[in-house]
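Enquirer: One structure, pasted below without further comment.
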Amino acid sequence: MTTSDERDRHLLPRFAFDPQPTDVSGWADPRPRAGTWLEQYFSPREKVDTSPKVHDEVKYTTCYMCACRCGIKVHLQDEKIRFLEGNRRHPVNRGVICAKGSAGIMTQYSPAKLRKPLLRTGERGAGEFREIEWEEVFEILAHRLGRIRATDPRKLAFFTGRDQSQSLTGFWASQFGTPNYAAHGGFCSVNMAAAGMYTVGGSFWEFGEPDWDRARYFLLFGVAEDHDSNPLKIGMSRLKKAGAKFVSINPVKTGYSAIADEWIGIRPGTDGLFVLALIHELLRSNCVDLEYLVRYTNAPWLVIQNPGGADDGLFARDAENQPLAWDVTEQRVVAATGADIRPAVVGTFELPDGRRAVPSFQLLAERYLDPSYAPEAIADRCGISAETIRRIAGEIAHVAFNETVVIEQPWTDWAGRRHERMVGRPVAVHAMRGISAHSNGFHTCRALHLLQLLLGAVDTPGSWRYKSPYPKSAPPGPRPCGKKGDVKAGNSMAGVPLGYPMGPEDLLVDDEGRPLRIDKAFSWDAPLSVHGLMHMVVRNAWQGDPYRIDTLFMYMANMAWNSSMNTSETMRMLADKDPETGEYRIPFIVYCDAYDSEMVAFADLVLADTTYFERWDAISLLDRPIGSAEGPGDSIRHPVLKPDRDVRPFQDVLIELGARLGLPAFTNPDGRPKYPGGYPDYIVNHERKPGVGALAGWRGTDGNTVGKGAPNPRQLEQYVQNQCFWRHELPMEQQFFKFANKAYLEGATAMGLLDKPEPIIHQLYSEPLQRFRLAARGHGPVTAPANRRERVERYFDPLPFWYMPFEEESLDGASYPLHAITQRPMPMYHSWGTQNAWLRQILARNELYLNRSMGERIGLKSGDWAWLSSPHGRVKVQVGLMEGVNPHTVWTWNAIGKRTGAWNLKSDAPEYRQGFLINHLISELLPEHGGYRHSNSDPVTGQAAWFDLRVRIEKAAPEEAGETWPIFPAQARPPGLEPPADNLRYGAEFREKRVRTRGRP
């Protein structure tokens, strides 16, 4: 009788039944014997090289796929990028790299890269050019700009987009002599920057960050996932691991909101109302940090109460101009900055001259304790229940006052008072464009800072902290330059085009109150427009309001498409001619870009820029810093690749142009160029003031000085050796309470971060705003024009308040019942990534998303096509339904849609036919009021209010489905660009080489 094993033996390979040797305990020896199936199992025929050679060389630089400015390792093979990796040593990303950063390869190898400078040959907008040489470029520019500078420098309008060299471009504008300079901030987040700088001497985003390691409660307002993505992701992971509660306030539940512990789907434009209701509850419950307020804010400063008087609402001051407070011990007025006073925060007091005054905190309490700010009063407007508002306020108060964070670190404040410990309230806040891009955004951002200050949660352990080089004084200065006497033919300006007005006397207006800048920044239209109004430049230049310009010079600002308020109108204005003369209303347009964007087609002269892998850049403390709460830092980019095209870095072009024009800072006394080595020469040797240059690391002739010192000829070499970044960590003694920390204030002054080691007083009550309000009442040497007085009186309130966004206020809500907003997706930033072949595979078309219940109520389902209309236009969209959006809000991804022919995409690219913009629906101007049409902007700062858009939606007819509308005529492909390949491949050549050299796949 045979066993089953013996019977089936012939069915198996002979080696399968080879007996295994056994050890003394009877178990099979685990080592496979030669020729057995186990050997083949553990040693398969295919050989895998676990350490293949993937590069010839590794270089370090700084990413430019968004504004995080992460450190990256560039692996090069055959002088091409093999792959990109995060730099683990870099303080920004600590090795993390996102989809955007990894896909930088396909931004470098984009088919849309311009190959050479171009001069227009056809009509504007058609995209018809001839290639020219760089010498011709400089001849054209030197001749035209030289004539402008010799006659009227204001005739040059110089505006840049989201570049990272604004310390150079702004300085160049001053040297040229034009006040008409700004960057993209007025279109992005100036409300946030200005509100923060006028309140706490810093702000969110690049000015500060949450204390990720110690915060116990985190509030995130209006942040889309493209902004600061790697640092935010790293920080949020630390928060969540530590068990902190994360609350996201955003109309849309995507990205960060989707991982929050609680999502609050607020109605757009009502964030300020929600924050002021939280303040109401904190005050009502007496959950405020009075000790912090008395020591570090202007809460006890006395405000004059003299209705109708020229001093009404100003701070009472002594003969030395010091603000006054009422000392409750001595029962008299004293200097409010005294170290040992016991000031009152409520009450009415008589000044020595008989005038009445009250502490600013009293005015604050009177306003926000009013029942109009109670949760029940604002719940319906915000779309948040009163119970939720009250609960959030209670949770904030509990964490702030019952879960304090203590660091056992002594420190001394500015007055010499020693503190044995650092005590903080672990409530942290972060915010961005979602609360800023509204016509009420300035006061919303101010309200958010007030919330932090009332809790004592600014730069304390567990709260929001300043990033170096902040804090600055509130506001910091300088004042904007560009008054009538500041701009002279053939001369540079003595100051900078952008600054911080302290009152009406700092405005750039003529004797009749008319604007002196082409964008009307620092005028009665937008007095605190510290970032300018880029979104108004094209319209104002087209209208000749307030005057005609000669040349519009732009860099990385795609005004013909997604960098304008209304795309259709902007393209029309760029190409419009005066019917009487046949000349373009904007006589000459110069545009610099590395890629064939929509704006290229409307330029007369195109400067072909390099990519970020092909040039030097300085990510400077003078510009958009990468410092952290632990200390200052900066970084560089350097050429890791040589351009394969006839292109030049824009910074080099500016510097050479400055020398050819004879601008003082760019030429030596004998007329020779001051920086013959171009931008790297400028980075090393230019000093903004003695010892302070573009980079703060390795200063001094020997490279041993931190922050401030003489130029170091080896500075860039030392940056490259240190993987292209520099970081200085502050001692723990200096890392908190920077605004009042004696050691920090003195150290920051020694490093050149501050001019003086003086305390920075937080401004609950903003006196500069009151000065404008008094000018609207007819007081002071500079008064508001009659048709602006009502506007300035209302919106220049020294305490934050909420008002309905302008567009919503001007419309019939029944006709346009929905809010419409955009978000930037995590794999793309602004519009930069939407031509990238790898990122396009993630998102090459966009839908209009609306709340599922709302969509079903009006008969729409996912995939339907619909018409989205505003009072200014309409666009055809494809609909998507979702739960995670405020019921009264529709939204889409921004900047996906492209103009046909742009970016050298295939003619059937989905971005052309299924991608759309809602910019077509927005107006740059508000309805006429008082005989004048203001820009569709915040009245304080001029921030573009493109999140105020109101719309209605209607289902499209069946025959209208399939593609978006409007679709504009295709722009021509510029000379030098080859048609895009049917299949854009990258990396195959590396595999083919490996096959050839190794003889196998």
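Note on naming: chains are A, B, ... as they come in the structure tokens, residues start from 1 per chain, ligands start from 1 in the order shown.
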What's around Leu533 in chain A at 10 Å? Count only C-alpha atoms, leave out sequence neighbours fewer than 3 positions away in its own chain, and write the answer as a VMD selection string.
Expert: chain A and resid 159 181 to 188 190 517 to 522 526 529 to 530 536 to 537 935 937 941 to 944
Enquirer: Write out as a PyMOL selection string all residues of range 757-930 of chain A that DSSP puts in strand (DSSP E) for this structure's backbone.
Expert: chain A and resi 818-823+848-851+865-870+873-882+889-893
Enquirer: For the selection just defined, write its residues with N, CA and C atoms to a file, as a PDB file, in the first residue's frame.
Expert:
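As a result, out-v7.pdb now contains:
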```
ATOM      1  N   LEU A 818     -25.633  83.382  -4.095  1.00  0.00           N
ATOM      2  CA  LEU A 818     -24.504  82.541  -3.703  1.00  0.00           C
ATOM      3  C   LEU A 818     -23.200  83.323  -3.672  1.00  0.00           C
ATOM      4  N   HIS A 819     -22.343  82.957  -2.724  1.00  0.00           N
ATOM      5  CA  HIS A 819     -20.962  83.429  -2.724  1.00  0.00           C
ATOM      6  C   HIS A 819     -20.152  82.537  -3.660  1.00  0.00           C
ATOM      7  N   ALA A 820     -19.149  83.113  -4.316  1.00  0.00           N
ATOM      8  CA  ALA A 820     -18.255  82.320  -5.171  1.00  0.00           C
ATOM      9  C   ALA A 820     -16.814  82.641  -4.815  1.00  0.00           C
ATOM     10  N   ILE A 821     -16.057  81.605  -4.509  1.00  0.00           N
ATOM     11  CA  ILE A 821     -14.654  81.782  -4.136  1.00  0.00           C
ATOM     12  C   ILE A 821     -13.808  80.757  -4.874  1.00  0.00           C
ATOM     13  N   THR A 822     -12.509  80.946  -4.825  1.00  0.00           N
ATOM     14  CA  THR A 822     -11.578  79.987  -5.410  1.00  0.00           C
ATOM     15  C   THR A 822     -10.613  79.494  -4.339  1.00  0.00           C
ATOM     16  N   GLN A 823      -9.990  78.365  -4.621  1.00  0.00           N
ATOM     17  CA  GLN A 823      -8.900  77.860  -3.786  1.00  0.00           C
ATOM     18  C   GLN A 823      -7.762  77.417  -4.696  1.00  0.00           C
ATOM     19  N   LEU A 848     -17.062  73.316 -10.830  1.00  0.00           N
ATOM     20  CA  LEU A 848     -17.633  74.235  -9.850  1.00  0.00           C
ATOM     21  C   LEU A 848     -18.342  73.388  -8.804  1.00  0.00           C
ATOM     22  N   TYR A 849     -17.865  73.474  -7.577  1.00  0.00           N
ATOM     23  CA  TYR A 849     -18.414  72.652  -6.505  1.00  0.00           C
ATOM     24  C   TYR A 849     -19.463  73.435  -5.719  1.00  0.00           C
ATOM     25  N   LEU A 850     -20.569  72.762  -5.423  1.00  0.00           N
ATOM     26  CA  LEU A 850     -21.576  73.364  -4.563  1.00  0.00           C
ATOM     27  C   LEU A 850     -22.134  72.313  -3.622  1.00  0.00           C
ATOM     28  N   ASN A 851     -22.731  72.791  -2.565  1.00  0.00           N
ATOM     29  CA  ASN A 851     -23.268  71.901  -1.551  1.00  0.00           C
ATOM     30  C   ASN A 851     -24.300  70.961  -2.162  1.00  0.00           C
ATOM     31  N   TRP A 865     -23.632  70.468 -16.741  1.00  0.00           N
ATOM     32  CA  TRP A 865     -23.075  71.759 -17.131  1.00  0.00           C
ATOM     33  C   TRP A 865     -24.058  72.852 -16.751  1.00  0.00           C
ATOM     34  N   ALA A 866     -23.515  74.009 -16.344  1.00  0.00           N
ATOM     35  CA  ALA A 866     -24.371  75.089 -15.854  1.00  0.00           C
ATOM     36  C   ALA A 866     -23.749  76.432 -16.213  1.00  0.00           C
ATOM     37  N   TRP A 867     -24.588  77.453 -16.165  1.00  0.00           N
ATOM     38  CA  TRP A 867     -24.136  78.825 -16.352  1.00  0.00           C
ATOM     39  C   TRP A 867     -24.013  79.492 -14.991  1.00  0.00           C
ATOM     40  N   LEU A 868     -22.835  80.059 -14.726  1.00  0.00           N
ATOM     41  CA  LEU A 868     -22.582  80.801 -13.506  1.00  0.00           C
ATOM     42  C   LEU A 868     -22.527  82.276 -13.886  1.00  0.00           C
ATOM     43  N   SER A 869     -23.401  83.085 -13.274  1.00  0.00           N
ATOM     44  CA  SER A 869     -23.542  84.482 -13.690  1.00  0.00           C
ATOM     45  C   SER A 869     -23.357  85.424 -12.511  1.00  0.00           C
ATOM     46  N   SER A 870     -22.787  86.592 -12.809  1.00  0.00           N
ATOM     47  CA  SER A 870     -22.706  87.714 -11.878  1.00  0.00           C
ATOM     48  C   SER A 870     -23.205  88.939 -12.624  1.00  0.00           C
ATOM     49  N   GLY A 873     -20.824  89.369 -15.861  1.00  0.00           N
ATOM     50  CA  GLY A 873     -20.577  88.407 -16.921  1.00  0.00           C
ATOM     51  C   GLY A 873     -21.055  87.027 -16.531  1.00  0.00           C
ATOM     52  N   ARG A 874     -20.751  86.065 -17.379  1.00  0.00           N
ATOM     53  CA  ARG A 874     -21.104  84.686 -17.059  1.00  0.00           C
ATOM     54  C   ARG A 874     -20.091  83.744 -17.669  1.00  0.00           C
ATOM     55  N   VAL A 875     -20.033  82.543 -17.111  1.00  0.00           N
ATOM     56  CA  VAL A 875     -19.101  81.524 -17.553  1.00  0.00           C
ATOM     57  C   VAL A 875     -19.804  80.179 -17.458  1.00  0.00           C
ATOM     58  N   LYS A 876     -19.518  79.306 -18.396  1.00  0.00           N
ATOM     59  CA  LYS A 876     -20.121  77.973 -18.408  1.00  0.00           C
ATOM     60  C   LYS A 876     -19.182  77.001 -17.692  1.00  0.00           C
ATOM     61  N   VAL A 877     -19.748  76.215 -16.784  1.00  0.00           N
ATOM     62  CA  VAL A 877     -18.948  75.375 -15.904  1.00  0.00           C
ATOM     63  C   VAL A 877     -19.561  73.989 -15.819  1.00  0.00           C
ATOM     64  N   GLN A 878     -18.743  73.025 -15.434  1.00  0.00           N
ATOM     65  CA  GLN A 878     -19.247  71.707 -15.098  1.00  0.00           C
ATOM     66  C   GLN A 878     -19.347  71.607 -13.580  1.00  0.00           C
ATOM     67  N   VAL A 879     -20.403  70.996 -13.119  1.00  0.00           N
ATOM     68  CA  VAL A 879     -20.768  71.018 -11.701  1.00  0.00           C
ATOM     69  C   VAL A 879     -20.296  69.757 -10.997  1.00  0.00           C
ATOM     70  N   GLY A 880     -19.869  69.916  -9.758  1.00  0.00           N
ATOM     71  CA  GLY A 880     -19.614  68.804  -8.864  1.00  0.00           C
ATOM     72  C   GLY A 880     -20.305  69.072  -7.536  1.00  0.00           C
ATOM     73  N   LEU A 881     -20.935  68.062  -6.972  1.00  0.00           N
ATOM     74  CA  LEU A 881     -21.627  68.215  -5.686  1.00  0.00           C
ATOM     75  C   LEU A 881     -20.784  67.616  -4.568  1.00  0.00           C
ATOM     76  N   MET A 882     -20.831  68.245  -3.412  1.00  0.00           N
ATOM     77  CA  MET A 882     -20.083  67.750  -2.261  1.00  0.00           C
ATOM     78  C   MET A 882     -20.762  68.216  -0.989  1.00  0.00           C
ATOM     79  N   THR A 889     -22.424  78.753  -0.708  1.00  0.00           N
ATOM     80  CA  THR A 889     -21.149  79.034  -1.364  1.00  0.00           C
ATOM     81  C   THR A 889     -20.886  78.041  -2.483  1.00  0.00           C
ATOM     82  N   VAL A 890     -20.361  78.535  -3.600  1.00  0.00           N
ATOM     83  CA  VAL A 890     -19.802  77.683  -4.646  1.00  0.00           C
ATOM     84  C   VAL A 890     -18.320  78.015  -4.751  1.00  0.00           C
ATOM     85  N   TRP A 891     -17.542  77.033  -5.218  1.00  0.00           N
ATOM     86  CA  TRP A 891     -16.105  77.278  -5.304  1.00  0.00           C
ATOM     87  C   TRP A 891     -15.501  76.419  -6.392  1.00  0.00           C
ATOM     88  N   THR A 892     -14.287  76.798  -6.799  1.00  0.00           N
ATOM     89  CA  THR A 892     -13.537  76.007  -7.771  1.00  0.00           C
ATOM     90  C   THR A 892     -12.051  76.191  -7.520  1.00  0.00           C
ATOM     91  N   TRP A 893     -11.251  75.319  -8.167  1.00  0.00           N
ATOM     92  CA  TRP A 893      -9.803  75.497  -8.140  1.00  0.00           C
ATOM     93  C   TRP A 893      -9.437  76.659  -9.048  1.00  0.00           C
TER      94      TRP A 893
END
```
Enquirer: Could you give me, as a PDB file with C-alpha atoms, in the first residue's frame, the residues within 8 Å of range 81-84 of chain A, counting only C-alpha atoms and dropping anything in the same chain fewer than 4 positions from it?
Expert:
```
ATOM      1  CA  VAL A  54      21.231  57.348 -10.104  1.00  0.00           C
ATOM      2  CA  HIS A  55      23.357  60.443 -10.429  1.00  0.00           C
ATOM      3  CA  ILE A  72      16.229  70.542  -2.149  1.00  0.00           C
ATOM      4  CA  LYS A  73      18.906  68.144  -3.345  1.00  0.00           C
ATOM      5  CA  VAL A  74      19.201  68.056  -7.119  1.00  0.00           C
ATOM      6  CA  HIS A  75      20.482  64.715  -8.412  1.00  0.00           C
ATOM      7  CA  LEU A  76      22.122  65.265 -11.799  1.00  0.00           C
ATOM      8  CA  GLN A  77      23.000  62.710 -14.445  1.00  0.00           C
ATOM      9  CA  GLY A 101       8.596  70.331  -5.406  1.00  0.00           C
ATOM     10  CA  SER A 102       9.200  66.876  -6.872  1.00  0.00           C
ATOM     11  CA  GLY A 104      10.060  70.809 -10.529  1.00  0.00           C
ATOM     12  CA  ILE A 105      11.782  68.567 -13.071  1.00  0.00           C
ATOM     13  CA  GLY A 987      13.629  59.968 -17.844  1.00  0.00           C
TER      14      GLY A 987
END
```
Enquirer: Taking the DSSP assignment computed from this structure's backbone, write out as a ChimeraX atom specification all residues of range 29-159 of chain A that belong to alpha helix (DSSP H).
Expert: /A:37-42,99-102,104-108,134-151
Enquirer: What separation in Å, quoted to one decimal, exists between CA of Gly697 in chain A and CA of Tyr744 in chain A?
Expert: 18.3 Å
Enquirer: Can you tell me which residues surround Gly884 in chain A at a distance of at most 9 Å, considering only C-alpha atoms, apart from same-chain residues fewer than 4 positions away, and format the answer as a list in words?
Expert: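 The neighbour list is Pro251, Val252, Lys253, Thr254, Ala258, Trp263, Gly265, Leu850, Asn851 and Arg852 of chain A.
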Enquirer: Closest to Leu605 in chain A among A:Arg317, A:Arg214, A:Arg120, A:Lys955, using only C-alpha atoms?
Expert: A:Arg120
Enquirer: With only C-alpha atoms as the basis for distance, which of A:Ala365, A:Pro871, A:Cys382, A:Phe588 is at the shortest distance from Leu119 in chain A?
Expert: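 Of the candidates, the smallest distance to Leu119 in chain A is held by A:Phe588.
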Enquirer: Show which residues sit within 10 Å of range 575-578 of chain A, as a PyMOL selection string. Count only C-alpha atoms, and ignore same-chain residues fewer than 5 positions away.
Expert: chain A and resi 123-126+542+570+583-587+601-603
Enquirer: Got a sec: who's within 12 Å of Ala393 in chain A, counting only C-alpha atoms, leaving out chain neighbours fewer than 5 positions off, as a list in words?
Expert: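 Near Ala393 in chain A, the qualifying residues are Tyr217, Leu219, Val247, Phe274, Val275, Leu276, Ala277, Leu278, Ile279, His280, Glu281, Leu282, Leu283, Arg284, Ser285, Asn286, Cys287, Val288, Ala374, Pro375, Ala386, Glu387, Thr388, His398, Val399, Ala400, Val427, Leu451 and Leu455 of chain A.
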Enquirer: May I have the residues within 8 Å of range 915-918 of chain A as a list in words, using only C-alpha atoms and disregarding those fewer than 3 positions away in the same chain?
Expert: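 Close residues of range 915-918 of chain A: Asn562, Ala844, Arg845, Asn846, Glu847, Val875, Lys876, Val877, Asn894, Ala895, Ile896, Gly897, Lys898, Pro910, Glu911, Tyr912, Leu921, Ile922, Thr964 and Trp965 of chain A.
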Enquirer: Compare A:Asp644, A:Glu978, A:Glu924, A:Asp226 by their minimum atom-to-atom distance to Glu569 in chain A, counting only C-alpha atoms, and give me the closest one.
Expert: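 Using only C-alpha atoms, the shortest distance to Glu569 in chain A belongs to A:Glu924.
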Enquirer: For each of A:Gln452, A:Thr36, A:Thr460, A:Ser174, take the minimum atom-to-atom distance to Gln763 in chain A, counting only C-alpha atoms, then give the residue where this is smallest.
Expert: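 Closest to Gln763 in chain A, using only C-alpha atoms: A:Gln452.
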Enquirer: How far is it from CA of Gly627 in chain A to CA of Ser468 in chain A, in Å with one decimal?
Expert: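 Calculated distance between CA of Gly627 in chain A and CA of Ser468 in chain A is 4.9 Å.
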Enquirer: Rank nothing, just name the residue among A:Pro359, A:Gly235, A:Gly485, A:Gly201 nearest to Asn93 in chain A, using only C-alpha atoms.
Expert: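 Comparing A:Pro359, A:Gly235, A:Gly485, A:Gly201 against Asn93 in chain A, the winner is A:Gly235.
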Enquirer: Nearest to Phe725 in chain A: which of A:Asp617, A:Glu767, A:Glu989, A:Glu856 is it, counting only C-alpha atoms?
Expert: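 The shortest atom-to-atom distance to Phe725 in chain A comes from A:Asp617.
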Enquirer: Report the distance between CA of Val496 in chain A and CA of Ala618 in chain A in Å, rounded to one decimal place.
Expert: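 Straight-line distance from CA of Val496 in chain A to CA of Ala618 in chain A works out to 19.7 Å.
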